[in-house]
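Undergrad: The structure file my_file08.txt (compact mmCIF, C-alpha atoms and all ligand atoms) is provided below.
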# COMPACT_ATOMS: atom_id res chain seq x y z
CA MET A 21 0.00 0.00 0.00
CA LYS A 22 1.26 3.42 -0.85
CA ILE A 23 0.43 6.36 1.34
CA THR A 24 0.79 9.83 -0.01
CA THR A 25 0.67 12.87 2.22
CA LEU A 26 -0.12 16.17 0.65
CA GLU A 27 1.62 19.25 1.87
CA SER A 28 -0.93 21.89 2.74
CA PHE A 29 -1.11 24.88 0.43
CA ASP A 30 -2.51 27.02 3.27
CA LYS A 31 0.39 29.06 4.58
CA THR A 32 -1.66 32.02 5.79
CA PRO A 33 -2.49 32.14 9.52
CA PRO A 34 -5.84 33.43 10.76
CA THR A 35 -6.17 37.03 11.94
CA ALA A 36 -5.59 37.57 15.64
CA PRO A 37 -8.70 37.27 17.86
CA THR A 38 -9.83 40.64 19.21
CA GLY A 39 -11.92 41.95 22.06
CA LEU A 40 -10.81 39.31 24.54
CA LYS A 41 -12.62 39.66 27.88
CA ALA A 42 -12.06 37.69 31.07
CA VAL A 43 -14.37 37.48 34.09
CA ALA A 44 -12.91 35.59 37.03
CA ALA A 45 -14.73 33.72 39.78
CA ILE A 46 -12.86 32.01 42.63
CA THR A 47 -11.09 29.19 40.75
CA THR A 48 -12.25 29.83 37.20
CA ALA A 49 -12.27 32.56 34.58
CA SER A 50 -14.76 32.87 31.73
CA LEU A 51 -13.20 34.13 28.50
CA SER A 52 -14.91 35.39 25.38
CA TRP A 53 -13.58 37.07 22.26
CA THR A 54 -14.40 38.15 18.71
CA ALA A 55 -13.83 35.53 16.03
CA SER A 56 -10.78 35.51 13.79
CA THR A 57 -10.98 35.15 10.02
CA ASP A 58 -8.88 32.99 7.74
CA ASP A 59 -8.36 32.54 3.98
CA VAL A 60 -9.45 28.89 4.28
CA GLY A 61 -11.17 28.64 7.65
CA VAL A 62 -10.54 29.01 11.36
CA ALA A 63 -10.33 25.58 13.00
CA GLY A 64 -10.14 26.68 16.62
CA TYR A 65 -8.42 28.70 19.29
CA HIS A 66 -5.69 28.08 21.83
CA ILE A 67 -6.08 29.79 25.19
CA TYR A 68 -3.00 30.89 27.14
CA LYS A 69 -2.78 31.62 30.85
CA ASP A 70 0.24 33.80 31.66
CA GLY A 71 1.72 32.66 28.34
CA VAL A 72 1.21 28.93 28.97
CA LEU A 73 -1.30 26.91 26.93
CA ALA A 74 -4.35 26.32 29.16
CA GLY A 75 -6.76 24.74 26.67
CA SER A 76 -8.40 24.92 23.28
CA SER A 77 -11.84 25.76 22.00
CA THR A 78 -13.71 25.52 18.72
CA THR A 79 -16.00 28.37 19.80
CA THR A 80 -15.31 31.98 20.81
CA SER A 81 -15.52 31.29 24.52
CA TYR A 82 -13.69 29.18 27.05
CA VAL A 83 -13.69 28.64 30.80
CA VAL A 84 -10.26 28.28 32.38
CA SER A 85 -10.48 26.20 35.55
CA GLY A 86 -8.05 25.22 38.28
CA LEU A 87 -7.04 28.78 39.13
CA GLU A 88 -5.76 29.95 42.50
CA GLY A 89 -7.84 32.37 44.54
CA ASN A 90 -6.68 35.94 45.14
CA THR A 91 -4.51 35.86 42.01
CA THR A 92 -4.32 38.01 38.90
CA TYR A 93 -3.91 36.20 35.60
CA ALA A 94 -3.24 37.48 32.08
CA PHE A 95 -4.99 35.60 29.28
CA THR A 96 -4.42 35.65 25.52
CA VAL A 97 -5.97 33.66 22.68
CA LYS A 98 -4.53 32.60 19.30
CA ALA A 99 -6.51 31.21 16.38
CA PHE A 100 -5.38 28.28 14.23
CA ASP A 101 -6.52 26.95 10.88
CA ASP A 102 -6.71 23.38 9.54
CA ALA A 103 -3.07 23.59 8.45
CA ASN A 104 -2.21 24.51 12.03
CA ASN A 105 -1.07 28.01 11.10
CA LEU A 106 -1.17 30.00 14.36
CA SER A 107 -2.31 33.60 14.52
CA ALA A 108 -0.73 36.44 16.44
CA PRO A 109 -2.04 36.70 20.00
CA SER A 110 -5.18 38.61 20.88
CA ASN A 111 -5.16 41.49 23.28
CA ALA A 112 -4.23 40.41 26.81
CA ALA A 113 -7.10 40.35 29.27
CA THR A 114 -6.34 40.27 32.96
CA ALA A 115 -8.68 39.00 35.65
CA SER A 116 -8.28 38.63 39.39
CA THR A 117 -9.82 35.66 41.12
CA GLY A 118 -11.81 36.16 44.31
CA ASP A 119 -10.98 35.23 47.87
CA PRO A 120 -11.93 31.58 48.47
CA ALA A 121 -12.50 32.37 52.16
CA ASN A 122 -14.97 35.09 51.36
CA VAL A 123 -17.07 34.35 48.32
CA GLN A 124 -19.52 37.08 49.19
CA THR A 125 -17.41 40.13 48.51
CA ILE A 126 -20.59 41.99 47.71
CA LYS A 127 -20.80 45.28 49.61
CA PRO A 128 -24.09 46.11 51.35
CA GLY A 129 -24.25 49.66 49.98
CA ILE A 130 -26.83 51.81 51.76
CA ILE A 131 -28.17 48.85 53.73
CA ALA A 132 -25.24 49.55 56.03
CA ASP A 133 -26.28 53.19 56.45
CA TYR A 134 -29.33 52.23 58.51
CA THR A 135 -29.58 50.19 61.69
CA THR A 136 -33.36 50.33 61.93
CA TRP A 137 -34.49 47.86 59.24
CA TYR A 138 -37.73 46.12 60.14
CA VAL A 139 -40.26 43.74 58.63
CA GLY A 140 -43.22 45.68 57.33
CA ILE A 141 -46.43 44.00 56.25
CA ASN A 142 -47.73 45.35 52.95
CA GLY A 143 -45.76 48.58 53.37
CA ALA A 144 -47.54 49.60 56.57
CA ASP A 145 -45.98 51.39 59.51
CA LYS A 146 -43.61 49.58 61.78
CA PRO A 147 -45.67 46.78 63.38
CA ALA A 148 -46.46 47.30 67.04
CA SER A 149 -46.32 43.56 67.66
CA GLY A 150 -44.11 40.84 66.27
CA THR A 151 -44.48 39.51 62.77
CA VAL A 152 -44.17 35.96 61.51
CA ALA A 153 -41.41 37.19 59.23
CA THR A 154 -38.11 38.03 60.91
CA LEU A 155 -35.09 40.08 59.80
CA THR A 156 -31.49 39.38 60.76
CA ARG A 157 -28.16 40.70 59.50
CA LEU A 158 -25.94 38.66 57.23
CA ALA A 159 -22.22 38.55 58.07
CA SER A 160 -21.65 40.58 54.89
CA GLY A 161 -23.85 43.40 56.23
CA GLY A 162 -26.84 42.46 54.11
CA LEU A 163 -30.23 41.36 55.39
CA ASP A 164 -31.85 37.95 55.73
CA MET A 165 -35.62 37.58 55.96
CA LYS A 166 -37.40 34.42 57.02
CA PHE A 167 -41.09 34.41 56.13
CA ASN A 168 -44.19 32.29 55.75
CA LEU A 169 -46.25 33.60 52.85
CA GLN A 170 -49.08 31.25 53.74
CA THR A 171 -49.73 33.08 57.00
CA GLU A 172 -48.55 36.64 56.23
CA ASN A 173 -48.97 38.47 52.93
CA TYR A 174 -46.45 40.89 51.47
CA PRO A 175 -43.75 41.01 54.11
CA GLY A 176 -41.12 43.58 53.22
CA PHE A 177 -37.64 44.72 54.08
CA GLN A 178 -38.32 48.27 55.28
CA VAL A 179 -36.48 51.25 56.73
CA ASP A 180 -37.52 54.83 57.53
CA PRO A 181 -34.49 57.14 57.30
CA ALA A 182 -34.43 59.61 60.21
CA THR A 183 -34.01 62.41 57.68
CA PRO A 184 -35.26 61.91 54.11
CA ALA A 185 -32.65 60.25 51.89
CA ASN A 186 -31.60 62.35 48.90
CA TRP A 187 -31.56 60.29 45.69
CA ARG A 188 -31.43 63.24 43.26
CA SER A 189 -28.11 62.30 41.69
CA TYR A 190 -29.14 58.71 40.95
CA ASN A 191 -30.65 57.23 37.80
CA LYS A 192 -31.24 53.69 38.97
CA MET A 193 -31.12 51.64 42.13
CA ASN A 194 -29.40 48.27 42.10
CA ILE A 195 -30.11 45.41 44.44
CA VAL A 196 -28.37 42.06 44.76
CA ILE A 197 -30.80 39.51 46.08
CA THR A 198 -30.77 35.74 46.59
CA ASN A 199 -33.79 33.47 46.32
CA PRO A 200 -32.63 30.19 47.92
CA ASN A 201 -36.09 28.64 47.70
CA ALA A 202 -37.32 26.05 45.21
CA LYS A 203 -39.95 28.49 43.90
CA GLU A 204 -39.85 31.88 42.22
CA ILE A 205 -39.94 34.94 44.46
CA GLN A 206 -41.04 38.41 43.37
CA VAL A 207 -39.87 41.63 44.97
CA GLN A 208 -41.44 45.06 44.44
CA PRO A 209 -39.26 48.04 45.36
CA ILE A 210 -41.42 50.88 46.67
CA VAL A 211 -40.62 54.20 48.29
CA LYS A 212 -42.62 56.76 50.19
CA ASP A 213 -41.34 59.99 48.70
CA GLY A 214 -40.78 63.40 50.30
CA ALA A 215 -44.56 63.93 50.42
CA TRP A 216 -45.09 60.40 51.79
CA GLU A 217 -46.64 59.41 48.45
CA TRP A 218 -46.38 55.69 47.64
CA VAL A 219 -44.27 55.17 44.47
CA GLU A 220 -43.69 51.70 43.02
CA LEU A 221 -40.30 51.60 41.29
CA GLY A 222 -40.55 49.59 38.10
CA PRO A 223 -42.25 46.20 37.78
CA TYR A 224 -41.90 43.32 40.22
CA ILE A 225 -38.42 41.82 40.10
CA LYS A 226 -38.81 38.11 39.39
CA ILE A 227 -36.07 36.01 40.98
CA PRO A 228 -36.01 32.40 39.78
CA ALA A 229 -35.67 29.55 42.25
CA LYS A 230 -32.17 29.03 43.70
CA THR A 231 -30.81 32.14 42.05
CA THR A 232 -28.99 35.35 42.93
CA VAL A 233 -29.56 38.36 40.70
CA LEU A 234 -28.30 41.91 40.32
CA ALA A 235 -31.44 43.86 39.51
CA ALA A 236 -31.59 47.39 38.11
CA VAL A 237 -34.55 49.41 39.34
CA PRO A 238 -35.47 52.50 37.30
CA LEU A 239 -35.90 55.76 39.21
CA GLU A 240 -37.53 57.73 36.36
CA GLY A 241 -40.95 57.36 37.99
CA LEU A 242 -39.73 58.97 41.18
CA ALA A 243 -40.33 62.69 40.63
CA ASN A 244 -39.65 63.64 44.22
CA LYS A 245 -36.31 62.06 45.00
CA GLU A 246 -36.49 62.58 48.74
CA VAL A 247 -37.18 59.22 50.32
CA ASN A 248 -38.92 58.80 53.65
CA ARG A 249 -39.36 55.03 53.50
CA MET A 250 -37.83 52.20 51.50
CA ILE A 251 -39.92 49.07 51.05
CA PHE A 252 -38.95 45.83 49.33
CA ARG A 253 -42.24 43.97 49.27
CA VAL A 254 -42.07 40.20 48.86
CA GLN A 255 -44.54 37.84 47.24
CA SER A 256 -44.45 34.34 45.84
CA GLY A 257 -44.48 33.73 42.09
CA SER A 258 -47.02 30.96 42.70
CA SER A 259 -48.65 29.70 45.90
CA GLY A 260 -47.46 30.90 49.29
CA PHE A 261 -44.75 29.01 51.12
CA ALA A 262 -42.34 29.36 54.01
CA GLY A 263 -38.81 30.31 53.09
CA SER A 264 -36.20 33.03 53.16
CA LEU A 265 -34.66 35.77 51.06
CA GLN A 266 -31.30 37.51 51.28
CA LEU A 267 -30.90 41.16 50.33
CA HIS A 268 -27.15 41.61 49.90
CA THR A 269 -26.89 45.15 48.65
CA ILE A 270 -28.82 48.30 47.84
CA ASP A 271 -26.72 50.65 45.75
CA PHE A 272 -27.04 53.05 42.83
CA ASP A 273 -25.88 53.24 39.22
CA LEU A 274 -23.78 50.08 39.30
CA ALA A 275 -22.40 48.60 36.07
CA ALA A 276 -24.48 45.76 34.63
CA ASP A 277 -21.66 43.30 35.33
CA ALA A 278 -20.93 44.52 38.86
CA TYR A 279 -20.27 41.53 41.11
CA ALA A 280 -20.59 39.22 38.06
CA ALA A 281 -17.98 36.78 39.32
CA ALA A 282 -19.33 36.68 42.87
CA ILE A 283 -22.89 36.22 41.64
CA ALA A 284 -21.82 33.48 39.20
CA GLU A 285 -20.11 31.65 42.04
CA MET A 286 -23.18 32.05 44.27
CA ASN A 287 -25.37 30.59 41.53
CA ARG A 288 -23.16 27.57 40.94
CA PRO A 289 -24.63 24.30 42.29
CA ASN A 290 -21.55 23.31 44.26
CA LYS A 291 -22.91 20.85 46.75
CA ALA A 292 -25.26 17.89 46.65
CA SER A 293 -27.99 19.52 48.73
CA TYR A 294 -28.52 22.18 46.09
CA TYR A 295 -30.93 19.55 44.74
CA PRO A 296 -33.31 17.40 46.80
CA TRP A 297 -32.46 13.95 45.29
CA ASN A 298 -35.87 12.60 46.25
CA HIS A 299 -37.31 12.01 42.79
CA VAL A 300 -38.03 8.35 42.12
CA ASP A 301 -37.28 7.37 38.55
CA SER A 302 -39.36 4.41 37.45
CA ALA A 303 -36.43 3.12 35.41
CA PHE A 304 -34.67 2.22 38.67
CA THR A 305 -36.34 -0.80 40.21
CA GLY A 306 -33.23 -2.33 41.76
CA ASN A 307 -33.12 0.02 44.77
CA VAL A 308 -33.36 -0.87 48.41
CA SER A 309 -33.26 2.85 49.16
CA SER A 310 -31.73 6.02 47.79
CA GLY A 311 -31.57 9.72 48.55
CA LEU A 312 -29.50 12.43 50.19
CA ASP A 313 -27.79 12.05 53.57
CA GLY A 314 -26.12 15.36 54.49
CA GLU A 315 -23.98 16.05 51.40
CA THR A 316 -23.77 12.37 50.39
CA ILE A 317 -26.03 11.07 47.63
CA PHE A 318 -26.51 7.35 48.11
CA VAL A 319 -27.94 4.31 46.39
CA ASN A 320 -28.46 1.12 48.39
CA TYR A 321 -28.74 -1.31 45.50
CA SER A 322 -30.23 -4.78 45.80
CA SER A 323 -28.73 -8.04 44.61
CA SER A 324 -31.39 -8.18 41.92
CA ILE A 325 -29.75 -5.62 39.60
CA SER A 326 -28.86 -7.06 36.22
CA ASP A 327 -28.63 -6.26 32.51
CA THR A 328 -32.25 -5.17 32.62
CA ILE A 329 -32.79 -4.01 36.21
CA ALA A 330 -30.84 -0.92 37.30
CA ALA A 331 -30.68 0.84 40.64
CA GLY A 332 -30.27 4.57 40.94
CA VAL A 333 -30.98 7.91 42.53
CA ALA A 334 -32.62 10.83 40.78
CA THR A 335 -33.66 14.42 41.35
CA GLU A 336 -35.61 17.09 39.55
CA THR A 337 -33.72 20.37 39.32
CA LYS A 338 -36.80 22.57 39.63
CA PRO A 339 -39.65 20.37 40.77
CA GLY A 340 -43.06 21.55 39.67
CA LEU A 341 -41.84 24.61 37.80
CA GLY A 342 -42.15 23.18 34.29
CA VAL A 343 -38.61 24.27 33.45
CA GLY A 344 -35.16 22.96 34.23
CA ASP A 345 -31.86 24.48 35.31
CA ASP A 346 -29.81 26.38 32.77
CA TRP A 347 -26.45 24.64 32.79
CA THR A 348 -24.95 26.52 29.85
CA PRO A 349 -22.59 28.44 32.18
CA TYR A 350 -21.02 25.16 33.30
CA SER A 351 -18.58 22.77 31.66
CA SER A 352 -18.91 19.61 33.72
CA VAL A 353 -20.19 17.69 36.73
CA SER A 354 -17.59 16.25 39.06
CA CYS A 355 -18.00 13.97 42.06
CA THR A 356 -16.45 11.11 43.95
CA LEU A 357 -17.98 7.66 43.47
CA THR A 358 -17.48 5.08 46.22
CA ASN A 359 -18.68 1.48 45.98
CA THR A 360 -18.90 -0.14 49.40
CA GLY A 361 -20.35 -3.32 47.92
CA THR A 362 -18.45 -6.57 47.53
CA LYS A 363 -18.82 -6.82 43.75
CA ALA A 364 -17.94 -4.47 40.89
CA ILE A 365 -20.59 -2.07 39.63
CA HIS A 366 -20.97 0.32 36.72
CA VAL A 367 -22.21 3.87 37.31
CA SER A 368 -23.71 6.14 34.66
CA LEU A 369 -24.60 9.81 35.04
CA VAL A 370 -27.99 10.46 33.46
CA LEU A 371 -29.26 13.92 32.47
CA ARG A 372 -32.82 14.54 31.35
CA SER A 373 -33.44 17.67 29.32
CA GLY A 374 -36.26 19.71 27.87
CA GLY A 375 -40.00 19.21 27.90
CA GLY A 376 -39.56 15.67 26.59
CA TRP A 377 -37.25 14.79 29.47
CA VAL A 378 -34.79 13.44 26.89
CA TRP A 379 -32.65 10.75 28.50
CA GLN A 380 -28.89 11.22 27.95
CA GLU A 381 -26.31 9.19 29.81
CA THR A 382 -22.59 8.53 29.98
CA GLY A 383 -22.84 4.76 30.24
CA GLY A 384 -19.98 4.89 32.72
CA GLN A 385 -17.66 6.89 30.51
CA THR A 386 -15.78 9.77 32.09
CA ASP A 387 -13.43 12.43 30.83
CA THR A 388 -10.34 10.43 31.68
CA ASP A 389 -11.54 7.32 29.88
CA LEU A 390 -13.30 8.07 26.63
CA THR A 391 -13.50 4.52 25.31
CA THR A 392 -14.55 2.17 28.08
CA GLU A 393 -16.84 2.20 31.04
CA ARG A 394 -15.27 3.11 34.37
CA VAL A 395 -16.00 0.05 36.51
CA LEU A 396 -16.03 0.55 40.28
CA GLY A 397 -14.47 -2.40 42.04
CA PRO A 398 -15.41 -3.53 45.55
CA GLY A 399 -14.47 -0.81 48.04
CA GLU A 400 -13.15 1.42 45.28
CA SER A 401 -13.45 5.20 45.38
CA VAL A 402 -12.72 7.33 42.34
CA ASP A 403 -12.97 11.02 41.40
CA VAL A 404 -14.79 11.46 38.11
CA THR A 405 -15.58 14.38 35.81
CA TYR A 406 -18.32 14.29 33.21
CA ALA A 407 -17.77 17.10 30.70
CA PHE A 408 -20.82 18.28 28.81
CA HIS A 409 -18.91 18.99 25.60
CA SER A 410 -16.93 15.73 25.49
CA PRO A 411 -18.27 12.95 23.21
CA ILE A 412 -19.06 10.69 26.16
CA TRP A 413 -22.87 10.94 25.97
CA LYS A 414 -25.36 8.59 24.39
CA SER A 415 -29.11 8.71 23.88
CA ALA A 416 -31.81 7.43 21.59
CA ALA A 417 -30.59 10.06 19.11
CA THR A 418 -27.14 8.38 18.93
CA ALA A 419 -28.59 4.86 18.87
CA TRP A 420 -27.06 4.45 22.35
CA VAL A 421 -23.51 4.92 21.08
CA ASN A 422 -21.28 7.25 23.15
CA ASN A 423 -20.41 9.90 20.59
CA ALA A 424 -22.29 13.08 21.49
CA LYS A 425 -22.15 16.17 23.63
CA VAL A 426 -25.03 16.92 25.96
CA SER A 427 -27.93 18.54 24.15
CA GLY A 428 -30.46 20.81 25.80
CA LEU A 429 -28.01 22.16 28.40
CA SER A 430 -30.17 25.25 28.88
CA ASP A 431 -33.03 23.15 30.27
CA ILE A 432 -31.73 20.32 32.48
CA ARG A 433 -34.76 18.95 34.30
CA GLY A 434 -33.49 15.76 35.87
CA ILE A 435 -30.19 14.34 37.14
CA ALA A 436 -29.64 10.71 38.07
CA PHE A 437 -26.91 8.23 38.83
CA LYS A 438 -27.66 4.74 37.51
CA VAL A 439 -26.05 1.61 38.99
CA TYR A 440 -25.84 -1.65 37.04
CA PRO A 441 -23.63 -4.72 36.69
CA GLY A 442 -21.50 -5.73 33.72
CA THR A 443 -23.12 -7.87 31.07
CA GLY A 444 -24.03 -11.25 32.50
CA GLU A 445 -22.52 -10.40 35.92
CA GLN A 446 -24.25 -10.88 39.23
CA VAL A 447 -24.03 -8.39 42.07
CA SER A 448 -24.43 -8.61 45.82
CA ALA A 449 -26.41 -5.92 47.57
CA GLY A 450 -24.26 -2.88 48.33
CA LYS A 451 -24.08 0.89 48.48
CA LEU A 452 -22.91 3.55 46.06
CA SER A 453 -22.00 6.86 47.71
CA ILE A 454 -21.65 10.01 45.62
CA THR A 455 -19.78 12.81 47.38
CA ASN A 456 -18.22 16.15 46.38
CA PHE A 457 -20.98 16.66 43.84
CA GLN A 458 -20.58 19.96 42.03
CA LEU A 459 -21.00 21.73 38.74
CA ASN A 460 -17.86 23.37 37.38
CA PHE A 461 -17.43 26.45 35.25
CA CA B 501 -5.11 29.90 6.61
For the file at hand, write its structure as structure tokens.

TA:
Amino acid sequence: MKITTLESFDKTPPTAPTGLKAVAAITTASLSWTASTDDVGVAGYHIYKDGVLAGSSTTTSYVVSGLEGNTTYAFTVKAFDDANNLSAPSNAATASTGDPANVQTIKPGIIADYTTWYVGINGADKPASGTVATLTRLASGGLDMKFNLQTENYPGFQVDPATPANWRSYNKMNIVITNPNAKEIQVQPIVKDGAWEWVELGPYIKIPAKTTVLAAVPLEGLANKEVNRMIFRVQSGSSGFAGSLQLHTIDFDLAADAYAAAIAEMNRPNKASYYPWNHVDSAFTGNVSSGLDGETIFVNYSSSISDTIAAGVATETKPGLGVGDDWTPYSSVSCTLTNTGTKAIHVSLVLRSGGGWVWQETGGQTDTDLTTERVLGPGESVDVTYAFHSPIWKSAATAWVNNAKVSGLSDIRGIAFKVYPGTGEQVSAGKLSITNFQLNF
């Protein structure tokens, strides 16, 4: 057989990427840039951290992981074409990672100016007697409210400045607020102006379940910018429930990306209990029990699991909301799998996406082993990473061959870990523990 290799005629490198931006969190930095052009075609980009290759991307964005906290990094990107011609570097973008010991570097703004915050009910005067809702200070200087919307309507974070606050130089108010509940919360900012007229500032701010937002509140409707009372009135997006809400900051005229890294980190599901893990998937009939114990997800599997009977544990990301989590900011799931059973087992991460709850699973493949299933021997514990953009996923759409990325990342409705034996193997009853569960940028 004769093999001929053709020398490429493409000697022209792509143009340098431009407009590189970097936003750092604690251990990661999200990069984006403007595409290069090439006489034949851009094949991809190499990403450099302080001049050292950190990874490659076929798109115009990349997340660099494994960074140190409290450190400033300089990033550059170079484009390459199919002939591996490398462009000049992009502009350098620097980004400083946050302090791992203090994720919430968000400043309280004018919350800190007042010591007399109280729970008001429907904007009324300071209650003479106690309310069901209670206000306490966060360590960061912000405010935490615990409430029960089934027994008390429209609780609010309220304060009456001793002398009217002067907001004349401001165009918008910004608040950073966390909804840690499994249901949407809505917050209406209201002021009583210099004439004690009630002025609602903009529409209700809708804060999705388990989410922190930086909201911008327009002040155009406030003609009289002397403020005698601030009210942040709280209601549920659906039926009333007991829960809490954290108001981290009230400030003015902040940039749209203020606190972007801190908020991204706060929104990252970085522990198992971010999800309830109490959804029973009917595909798993080989369970003795499963669920969440502290931060450990567990599956007590029976000896009856086989080629056709799997065990497993599952959760819905947003139960009852009719939507799933948006995982597009993240690159992977990582966790530690421990098999305390006396026989080997296989473990597959299953994601279910979109309104059809499309079933996609790894079939035991992980990022460090793209060709075979990672079998967990008796007593074995292993750290695994399942990258969403690696070709380790299979589904009905791939005829159950592992060759695809995850589809539908913007609407992940269910997560499950499936336990099963190798073909024809028998298994004794045992336990799979899943620890250190987190999503990674
Ligand atoms: Ca070229």

Undergrad: Restricting the calculation to all atoms listed in the file: of A:Gln446, A:Thr232, A:Thr96, A:Thr79, which residue gets closest to Ile67 in chain A?

TA: A:Thr96

Undergrad: Report as a VMD selection string which protein, DNA and RNA residues come within 9 Å of ligand CA 501 (chain B), using all atoms listed in the file.

TA: chain A and resid 29 to 35 57 to 62 100 to 106

Undergrad: When you count all atoms listed in the file, which of these residues is closest to Tyr138 in chain A: A:Trp53, A:Trp187, A:Trp216, A:Phe177?

TA: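 Closest to Tyr138 in chain A of all the choices is A:Phe177.
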
Undergrad: In Å, rounded to a single decimal, give me how far CA of Gly311 in chain A is from CA of Ile454 in chain A.

TA: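 Computed distance, CA of Ile454 in chain A to CA of Gly311 in chain A, equals 10.3 Å.
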
Undergrad: Name all residues at most 9 Å from range 125-136 of chain A (count only C-alpha atoms; drop same-chain ones fewer than 6 positions away) and give them as a list in words.

TA: Gly118, Asp119, Ser160, Gly161, Gly162, Leu163, Gln178, Val179, Asp180, Pro181, Val196, Leu267, His268, Thr269, Ile270, Asp271, Phe272, Tyr279, Ala282 and Ile283 of chain A

Undergrad: Taking (-5.1, 34.1, 32.5) in the coordinates of the supplied file, I want to know which residues reach to within 8 Å of it, counting all atoms listed in the file; could you give the answer as a ChimeraX atom specification?

TA: /A:42,49,68-70,84,92-96,113-115

Undergrad: Please, could you write that set of residues out with C-alpha atoms as a short mmCIF file (atom, residue, chain, number, x, y, z; two decimals), keeping the file's coordinate frame?

TA:
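New file out17.cif:
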data_model
loop_
_atom_site.label_atom_id
_atom_site.label_comp_id
_atom_site.auth_asym_id
_atom_site.auth_seq_id
_atom_site.Cartn_x
_atom_site.Cartn_y
_atom_site.Cartn_z
CA ALA A 42 -12.06 37.69 31.07
CA ALA A 49 -12.27 32.56 34.58
CA TYR A 68 -3.00 30.89 27.14
CA LYS A 69 -2.78 31.62 30.85
CA ASP A 70 0.24 33.80 31.66
CA VAL A 84 -10.26 28.28 32.38
CA THR A 92 -4.32 38.01 38.90
CA TYR A 93 -3.91 36.20 35.60
CA ALA A 94 -3.24 37.48 32.08
CA PHE A 95 -4.99 35.60 29.28
CA THR A 96 -4.42 35.65 25.52
CA ALA A 113 -7.10 40.35 29.27
CA THR A 114 -6.34 40.27 32.96
CA ALA A 115 -8.68 39.00 35.65
#

Undergrad: Could you please determine the separation between CA of Lys226 in chain A and CA of Gly257 in chain A in Å, to one decimal place?

TA: 7.7 Å

Undergrad: Provide the CA of Met286 in chain A to CA of Thr154 in chain A distance in Å, to one decimal place.

TA: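 Going from CA of Met286 in chain A over to CA of Thr154 in chain A covers 23.1 Å.
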
Undergrad: With only C-alpha atoms counted, which protein, DNA or RNA residues have an atom no more than 12 Å from (-25.8, 59.0, 43.0) in the file frame? Please answer as a tab-separated table (two decimals) with C-alpha atoms, in the frame of the given file.

TA:
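This is the output file point.tsv:
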chain	number	residue	atom	x	y	z
A	129	GLY	CA	-24.25	49.66	49.98
A	130	ILE	CA	-26.83	51.81	51.76
A	185	ALA	CA	-32.65	60.25	51.89
A	186	ASN	CA	-31.60	62.35	48.90
A	187	TRP	CA	-31.56	60.29	45.69
A	188	ARG	CA	-31.43	63.24	43.26
A	189	SER	CA	-28.11	62.30	41.69
A	190	TYR	CA	-29.14	58.71	40.95
A	191	ASN	CA	-30.65	57.23	37.80
A	192	LYS	CA	-31.24	53.69	38.97
A	193	MET	CA	-31.12	51.64	42.13
A	194	ASN	CA	-29.40	48.27	42.10
A	239	LEU	CA	-35.90	55.76	39.21
A	245	LYS	CA	-36.31	62.06	45.00
A	271	ASP	CA	-26.72	50.65	45.75
A	272	PHE	CA	-27.04	53.05	42.83
A	273	ASP	CA	-25.88	53.24	39.22
A	274	LEU	CA	-23.78	50.08	39.30

Undergrad: Restricting the calculation to only C-alpha atoms: of A:Ser415, A:Ser256, A:Asn168, A:Thr358, which residue gets closest to Arg372 in chain A?

TA: A:Ser415

Undergrad: Show me, as an NGL selection string, the residues that have an atom within 12 Å of Val333 in chain A when counting only C-alpha atoms, minus same-chain residues fewer than 3 positions from it.

TA: :A and (295-312 or 316-321 or 330 or 336 or 367-371 or 434-439 or 451-454)

Undergrad: Residues near Trp420 in chain A, anyone? I mean within 10 Å using only C-alpha atoms, not counting same-chain ones fewer than 5 positions away, as a PyMOL selection string.

TA: chain A and resi 380-383+413-415

Undergrad: So that I can see what lies close to Ala449 in chain A, please list as a list in words the residues with an atom at most 7 Å from it, counting only C-alpha atoms and leaving out residues fewer than 5 positions away in the same chain.

TA: Tyr321, Ser322, Ser323 and Gly361 of chain A

Undergrad: From the list A:Ser326, A:Asn244, A:Asn290, A:Asn201, which residue is nearest Gly263 in chain A when using all atoms listed in the file?

TA: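 Looking at the shortest contact to Gly263 in chain A, the residue is A:Asn201.
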
Undergrad: For Lys291 in chain A, which of A:Cys355, A:Leu40, A:Ala235, A:Ala112 is the closest residue, counting all atoms listed in the file?

TA: A:Cys355

Undergrad: Which residue out of A:Gly340, A:Pro441, A:Pro228, A:Gly314 has the minimum interatomic distance to Lys363 in chain A when all atoms listed in the file are used?

TA: A:Pro441
